$ cat coords.cif   # mmCIF, C-alpha atoms and all ligand atoms
data_work
#
loop_
_atom_site.label_atom_id
_atom_site.label_comp_id
_atom_site.auth_asym_id
_atom_site.auth_seq_id
_atom_site.Cartn_x
_atom_site.Cartn_y
_atom_site.Cartn_z
CA MET A 821 -3.33 26.11 -8.49
CA LEU A 822 -6.90 26.83 -7.37
CA ASN A 823 -7.84 23.17 -7.89
CA MET A 824 -4.79 22.11 -5.90
CA MET A 825 -5.82 24.36 -3.00
CA ILE A 826 -9.40 23.05 -3.10
CA GLY A 827 -8.04 19.48 -3.00
CA PHE A 828 -5.73 20.36 -0.12
CA PHE A 829 -8.49 21.82 2.08
CA LYS A 830 -10.93 19.01 1.23
CA ASP A 831 -8.36 16.48 2.48
CA TYR A 832 -7.44 18.66 5.45
CA PHE A 833 -11.02 18.62 6.75
CA LYS A 834 -11.57 14.98 5.84
CA TYR A 835 -8.47 13.74 7.68
CA ARG A 836 -8.25 16.27 10.51
CA GLU A 837 -8.91 13.63 13.20
CA PRO A 838 -6.81 10.70 11.89
CA ALA A 839 -3.99 13.16 11.14
CA LYS A 840 -3.65 13.68 14.90
CA LYS A 841 -2.77 10.00 15.22
CA GLN A 842 -0.09 10.44 12.55
CA GLN A 843 1.31 13.43 14.41
CA LYS A 844 1.71 11.35 17.56
CA TRP A 845 3.96 8.69 16.07
CA MET A 846 5.87 11.33 14.11
CA ASP A 847 6.66 13.29 17.26
CA LYS A 848 7.89 10.13 18.96
CA TYR A 849 9.99 9.13 15.96
CA CYS A 850 11.53 12.60 15.69
CA GLU A 851 12.41 12.59 19.36
CA GLN A 852 14.14 9.20 19.04
CA LYS A 853 16.09 10.15 15.92
CA GLY A 854 16.82 13.82 16.51
CA TYR A 855 14.66 14.79 13.55
CA ALA A 856 11.91 17.34 12.99
CA VAL A 857 8.79 17.39 10.86
CA ASN A 858 8.72 19.86 7.97
CA PRO A 859 7.94 23.22 9.62
CA ASN A 860 5.88 24.38 6.64
CA TRP A 861 2.27 23.84 7.74
CA MET A 862 0.89 23.20 4.26
CA MET A 863 3.61 20.69 3.40
CA SER A 864 3.35 18.69 6.61
CA THR A 865 -0.47 18.83 6.62
CA ASN A 866 -0.62 17.63 3.04
CA LEU A 867 1.79 14.76 3.77
CA LYS A 868 -0.19 13.75 6.85
CA SER A 869 -3.43 13.75 4.84
CA ASN A 870 -1.70 11.60 2.22
CA LEU A 871 -0.52 9.16 4.88
CA CYS A 872 -4.09 8.90 6.18
CA GLU A 873 -5.36 8.28 2.68
CA MET A 874 -2.72 5.60 2.06
CA GLU A 875 -3.80 3.81 5.24
CA ALA A 876 -7.49 4.13 4.37
CA THR A 877 -7.01 2.96 0.77
CA PHE A 878 -4.32 0.30 1.05
CA GLY A 879 -4.52 -0.67 4.72
CA LYS A 880 -0.93 0.30 5.51
CA ARG A 881 1.00 3.47 6.15
CA TYR A 882 2.88 3.52 2.86
CA CYS A 883 5.05 6.45 1.85
CA PRO A 884 2.79 9.32 0.79
CA CYS A 885 4.86 9.78 -2.38
CA PHE A 886 4.83 6.23 -3.77
CA GLU A 887 1.91 3.88 -4.34
CA PRO A 888 2.47 0.23 -3.32
CA SER A 889 4.69 -1.63 -5.78
CA GLY A 890 3.27 -5.12 -5.25
CA ASP A 891 6.76 -6.35 -4.29
CA LYS A 892 6.32 -7.30 -0.63
CA ALA A 893 9.94 -6.67 0.35
CA LEU A 894 9.99 -3.24 -1.30
CA ASP A 895 6.59 -2.29 0.10
CA LYS A 896 7.80 -3.17 3.57
CA LYS A 897 10.79 -0.89 3.09
CA MET A 898 8.42 1.87 1.96
CA SER A 899 6.26 1.92 5.08
CA CYS A 900 6.63 5.32 6.68
CA PRO A 901 9.14 6.02 8.17
CA CYS A 902 10.88 4.16 5.36
CA GLU A 903 14.30 2.56 5.15
CA TYR A 904 15.67 5.34 2.96
CA VAL A 905 15.43 8.23 5.42
CA GLU A 906 19.08 8.49 6.48
CA ASP A 907 20.41 7.98 3.00
CA GLU A 908 18.06 10.62 1.58
CA ILE A 909 18.78 13.08 4.36
CA ALA A 910 22.46 12.75 3.40
CA GLU A 911 21.57 13.53 -0.22
CA TYR A 912 18.67 16.00 -0.06
CA GLY A 913 18.78 17.32 3.51
CA THR A 914 15.39 15.63 4.19
CA CYS A 915 13.71 12.33 3.36
CA HIS A 916 12.39 12.06 -0.19
CA CYS A 917 8.97 13.46 0.71
CA ALA A 918 10.48 16.31 2.76
CA LEU A 919 8.52 15.15 5.79
CA PHE A 920 11.49 14.42 8.09
CA GLY A 921 14.82 16.16 8.39
CA PRO A 922 17.42 16.82 11.08
CA ALA A 923 16.12 18.95 13.95
CA ASP A 924 18.74 21.62 13.19
CA LEU A 925 17.98 21.87 9.46
CA SER A 926 17.77 25.53 8.44
CA LYS A 927 14.59 27.10 7.03
CA GLU A 928 16.37 27.53 3.69
CA GLN A 929 17.29 23.83 3.56
CA TRP A 930 13.70 22.77 4.32
CA LYS A 931 12.53 25.13 1.61
CA ALA A 932 15.06 23.84 -0.93
CA SER A 933 14.14 20.20 -0.30
CA SER A 934 10.40 20.97 -0.44
CA LYS A 935 10.95 22.74 -3.77
CA ARG A 936 12.89 19.74 -5.10
CA LEU A 937 9.91 17.55 -4.24
CA MET A 938 7.33 19.91 -5.75
CA ASP A 939 9.39 20.15 -8.95
CA GLU A 940 9.32 16.36 -9.27
CA TYR A 941 5.53 16.49 -9.39
CA GLN A 942 5.23 19.41 -11.79
CA VAL A 943 6.07 17.38 -14.91
CA PRO A 944 3.41 17.78 -17.62
CA LYS A 945 0.76 15.05 -17.59
CA ASN A 946 0.14 13.09 -20.74
CA LEU A 947 -3.58 13.94 -20.85
CA LYS A 948 -5.52 14.45 -24.06
CA ASP A 949 -9.23 14.19 -24.88
CA GLY A 950 -10.10 12.36 -21.67
CA LEU A 951 -7.19 9.89 -21.95
CA LEU A 952 -4.39 9.93 -19.39
CA ASP A 953 -1.29 7.90 -20.23
CA THR A 954 0.67 7.49 -16.99
CA ARG A 955 3.63 5.58 -18.46
CA ASN A 956 7.22 6.66 -19.04
CA MET A 957 7.79 8.86 -16.01
CA PRO A 958 11.32 9.10 -14.55
CA LEU A 959 12.24 6.48 -11.96
CA ASP A 960 13.31 7.13 -8.39
CA PRO A 961 16.85 5.70 -8.15
CA ARG A 962 16.35 3.99 -4.77
CA ARG A 963 12.92 2.46 -5.17
CA GLY A 964 12.91 2.04 -8.95
CA LEU A 965 9.36 3.46 -8.99
CA PRO A 966 8.02 6.27 -11.19
CA ILE A 967 7.79 9.87 -10.05
CA PRO A 968 5.10 10.99 -10.24
CA ASP A 969 3.49 7.59 -9.93
CA MET A 970 0.13 6.68 -11.47
CA MET A 971 -1.68 7.53 -8.23
CA HIS A 972 -0.40 11.11 -8.06
CA GLN A 973 -1.02 11.68 -11.77
CA VAL A 974 -4.63 10.49 -11.52
CA LYS A 975 -5.35 12.42 -8.33
CA SER A 976 -3.90 15.58 -9.79
CA VAL A 977 -6.01 15.25 -12.95
CA LEU A 978 -9.17 14.46 -10.95
CA ASN A 979 -8.73 17.63 -8.88
CA GLY A 980 -9.87 19.84 -11.73
CA TYR A 981 -11.52 17.36 -14.04
CA LYS A 982 -14.97 18.23 -15.38
CA GLY A 983 -15.67 15.16 -17.55
CA GLU A 984 -17.81 12.19 -16.54
CA LYS A 985 -15.33 9.62 -17.85
CA LEU A 986 -11.55 9.35 -17.72
CA THR A 987 -9.55 6.66 -19.51
CA VAL A 988 -6.28 5.78 -17.82
CA ILE A 989 -3.38 3.79 -19.27
CA VAL A 990 -0.91 2.15 -16.89
CA GLU A 991 2.09 -0.05 -17.51
CA ARG A 992 1.77 -2.69 -14.77
CA GLU A 993 -1.07 -4.76 -13.40
CA GLN A 994 -0.24 -3.69 -9.83
CA GLU A 995 -0.89 -0.07 -10.81
CA MET A 996 -4.27 -1.12 -12.17
CA LEU A 997 -5.12 -2.89 -8.90
CA ASN A 998 -4.07 0.23 -7.01
CA LEU A 999 -6.16 2.42 -9.28
CA GLU A 1000 -9.20 0.23 -8.68
CA LYS A 1001 -8.81 0.72 -4.91
CA ILE A 1002 -8.31 4.48 -5.20
CA VAL A 1003 -11.35 4.85 -7.45
CA LEU A 1004 -13.60 2.72 -5.23
CA TYR A 1005 -12.41 4.57 -2.12
CA ARG A 1006 -13.42 7.83 -3.78
CA GLY A 1007 -16.87 6.47 -4.57
CA TYR A 1008 -16.50 6.14 -8.37
CA GLU A 1009 -16.73 3.12 -10.63
CA CYS A 1010 -14.02 1.66 -12.77
CA SER A 1011 -13.65 -1.09 -15.35
CA TRP A 1012 -10.35 -2.23 -16.85
CA GLU A 1013 -8.82 -4.67 -19.26
CA PRO A 1014 -5.35 -5.81 -20.24
CA LYS A 1015 -4.13 -4.71 -23.67
CA GLU A 1016 -1.12 -6.06 -25.53
CA ASP A 1017 1.58 -4.43 -23.39
CA TYR A 1018 -0.35 -2.15 -21.03
CA PHE A 1019 -3.56 -1.96 -19.03
CA GLU A 1020 -6.46 0.39 -19.72
CA ALA A 1021 -9.08 1.53 -17.25
CA VAL A 1022 -12.22 3.59 -17.71
CA LEU A 1023 -13.20 5.64 -14.68
CA HIS A 1024 -16.88 6.60 -14.42
CA LEU A 1025 -16.86 9.76 -12.39
CA LYS A 1026 -20.55 10.57 -12.15
CA ARG A 1027 -21.81 9.54 -8.71
S1 LIG B 1101 10.33 9.32 2.26
FE1 LIG B 1101 9.73 10.31 4.17
S2 LIG B 1101 7.50 10.41 4.08
FE2 LIG B 1101 8.17 8.92 2.54
S3 LIG B 1101 8.10 6.98 3.66
FE3 LIG B 1101 10.17 7.75 3.82
S4 LIG B 1101 10.14 8.82 5.76
FE4 LIG B 1101 8.03 8.57 5.19
#
$ encode --input "coords.cif" --output "structure tokens"
Amino acid sequence: MLNMMIGFFKDYFKYREPAKKQQKWMDKYCEQKGYAVNPNWMMSTNLKSNLCEMEATFGKRYCPCFEPSGDKALDKKMSCPCEYVEDEIAEYGTCHCALFGPADLSKEQWKASSKRLMDEYQVPKNLKDGLLDTRNMPLDPRRGLPIPDMMHQVKSVLNGYKGEKLTVIVEREQEMLNLEKIVLYRGYECSWEPKEDYFEAVLHLKR
């Protein structure tokens, strides 16, 4: 929890300025659609920081909850605000990431949807002796992508990680390409190689 809070405030200060730009389009979008942004400051701030990081890392405003899939059509659908908003509001009360919901959504409904999201990310990580295996996570039914994805698993582990090296196993080459970008953006080094039916990267975390 402490590591999560440290990560949150680090990102908050890092993205304070670009987050204002995110807020502008969000306000406009909400006004057009009759939506609101999650009223919980920590939730909305964290999602805005994640959007900024997605833009800085991958060059586009992808959904803060899903790394790019490599499928151009799907990635286009996942640009925030994504194509799933209405459908997910009908199911969860808010969009998947609990960033947008109807303007008249009650506090309790915002809370319930935010908890649903947090629970999705609380699954135990497959981390042992400096090796993180990111495979075999449940799939989101609409996007067909894992939750939590490789990106969120790695970031969460890095938040409190004390080692100088982390080995990461991913299932698909696109995840490896994403990991390379994330690692470089954070100022670390990374080498990777394909194995028989997975990809393995070694992250060198000493700067
Ligand atoms: S689920 Fe919400 S935050 Fe994620 S892309 Fe869609 S609208 Fe944006």
$ closest_residue --input "coords.cif" --among "A:Asp891, A:Glu906, A:Asp847, A:Glu873" --to "ligand LIG 1101 (chain B)" --atoms "all atoms listed in the file"
A:Glu906
$ closest_residue --input "coords.cif" --among "A:Cys1010, A:Val977, A:Met863, A:Met970" --to "Trp930 in chain A" --atoms "only C-alpha atoms"
A:Met863
$ atom_distance --input "coords.cif" --atom1 "CA of Tyr941 in chain A" --atom2 "CA of Thr865 in chain A"
17.3 Å
$ residues_near_ligand --input "coords.cif" --ligand "ligand LIG 1101 (chain B)" --cutoff "9 Å" --atoms "only C-alpha atoms and all ligand atoms" --output "VMD selection string"
chain A and resid 867 to 868 871 881 to 886 897 to 906 908 914 to 921
$ closest_residue --input "coords.cif" --among "A:Tyr912, A:Phe833, A:Tyr981, A:Tyr1018" --to "Asp953 in chain A" --atoms "only C-alpha atoms"
A:Tyr1018
$ residues_near_point --input "coords.cif" --point "(14.2, 23.3, 14.0)" --cutoff "10 Å" --atoms "only C-alpha atoms" --output "PyMOL selection string"
chain A and resi 855-859+921-927+930
$ residues_around --input "coords.cif" --residues "Glu1000 in chain A" --least-positions-apart "4" --cutoff "10 Å" --atoms "all atoms listed in the file" --output "list in words"
Gln994, Glu995, Met996, Leu1004, Tyr1005, Arg1006, Tyr1008, Glu1009, Cys1010, Ser1011, Trp1012, Ala1021 and Leu1023 of chain A
$ closest_residue --input "coords.cif" --among "A:Lys1001, A:Lys948, A:Lys1026, A:Lys975" --to "Met824 in chain A" --atoms "only C-alpha atoms"
A:Lys975
$ closest_residue --input "coords.cif" --among "A:Ser933, A:Asn979, A:Thr954, A:Ser889" --to "Phe829 in chain A" --atoms "all atoms listed in the file"
A:Asn979
$ closest_residue --input "coords.cif" --among "A:Lys848, A:Lys841, A:His1024, A:His972" --to "Lys985 in chain A" --atoms "only C-alpha atoms"
A:His1024
$ atom_distance --input "coords.cif" --atom1 "CA of Ile989 in chain A" --atom2 "CA of Leu952 in chain A"
6.2 Å
$ axis_aligned_box --input "coords.cif" --around "range 980-986 of chain A" --padding-each-side "8 Å" --output "lines of an AutoDock Vina configuration file"
center_x = -13.8
center_y = 14.6
center_z = -14.8
size_x = 23.9
size_y = 26.5
size_z = 22.1
$ atom_distance --input "coords.cif" --atom1 "CA of Leu986 in chain A" --atom2 "CA of Asp969 in chain A"
17.0 Å
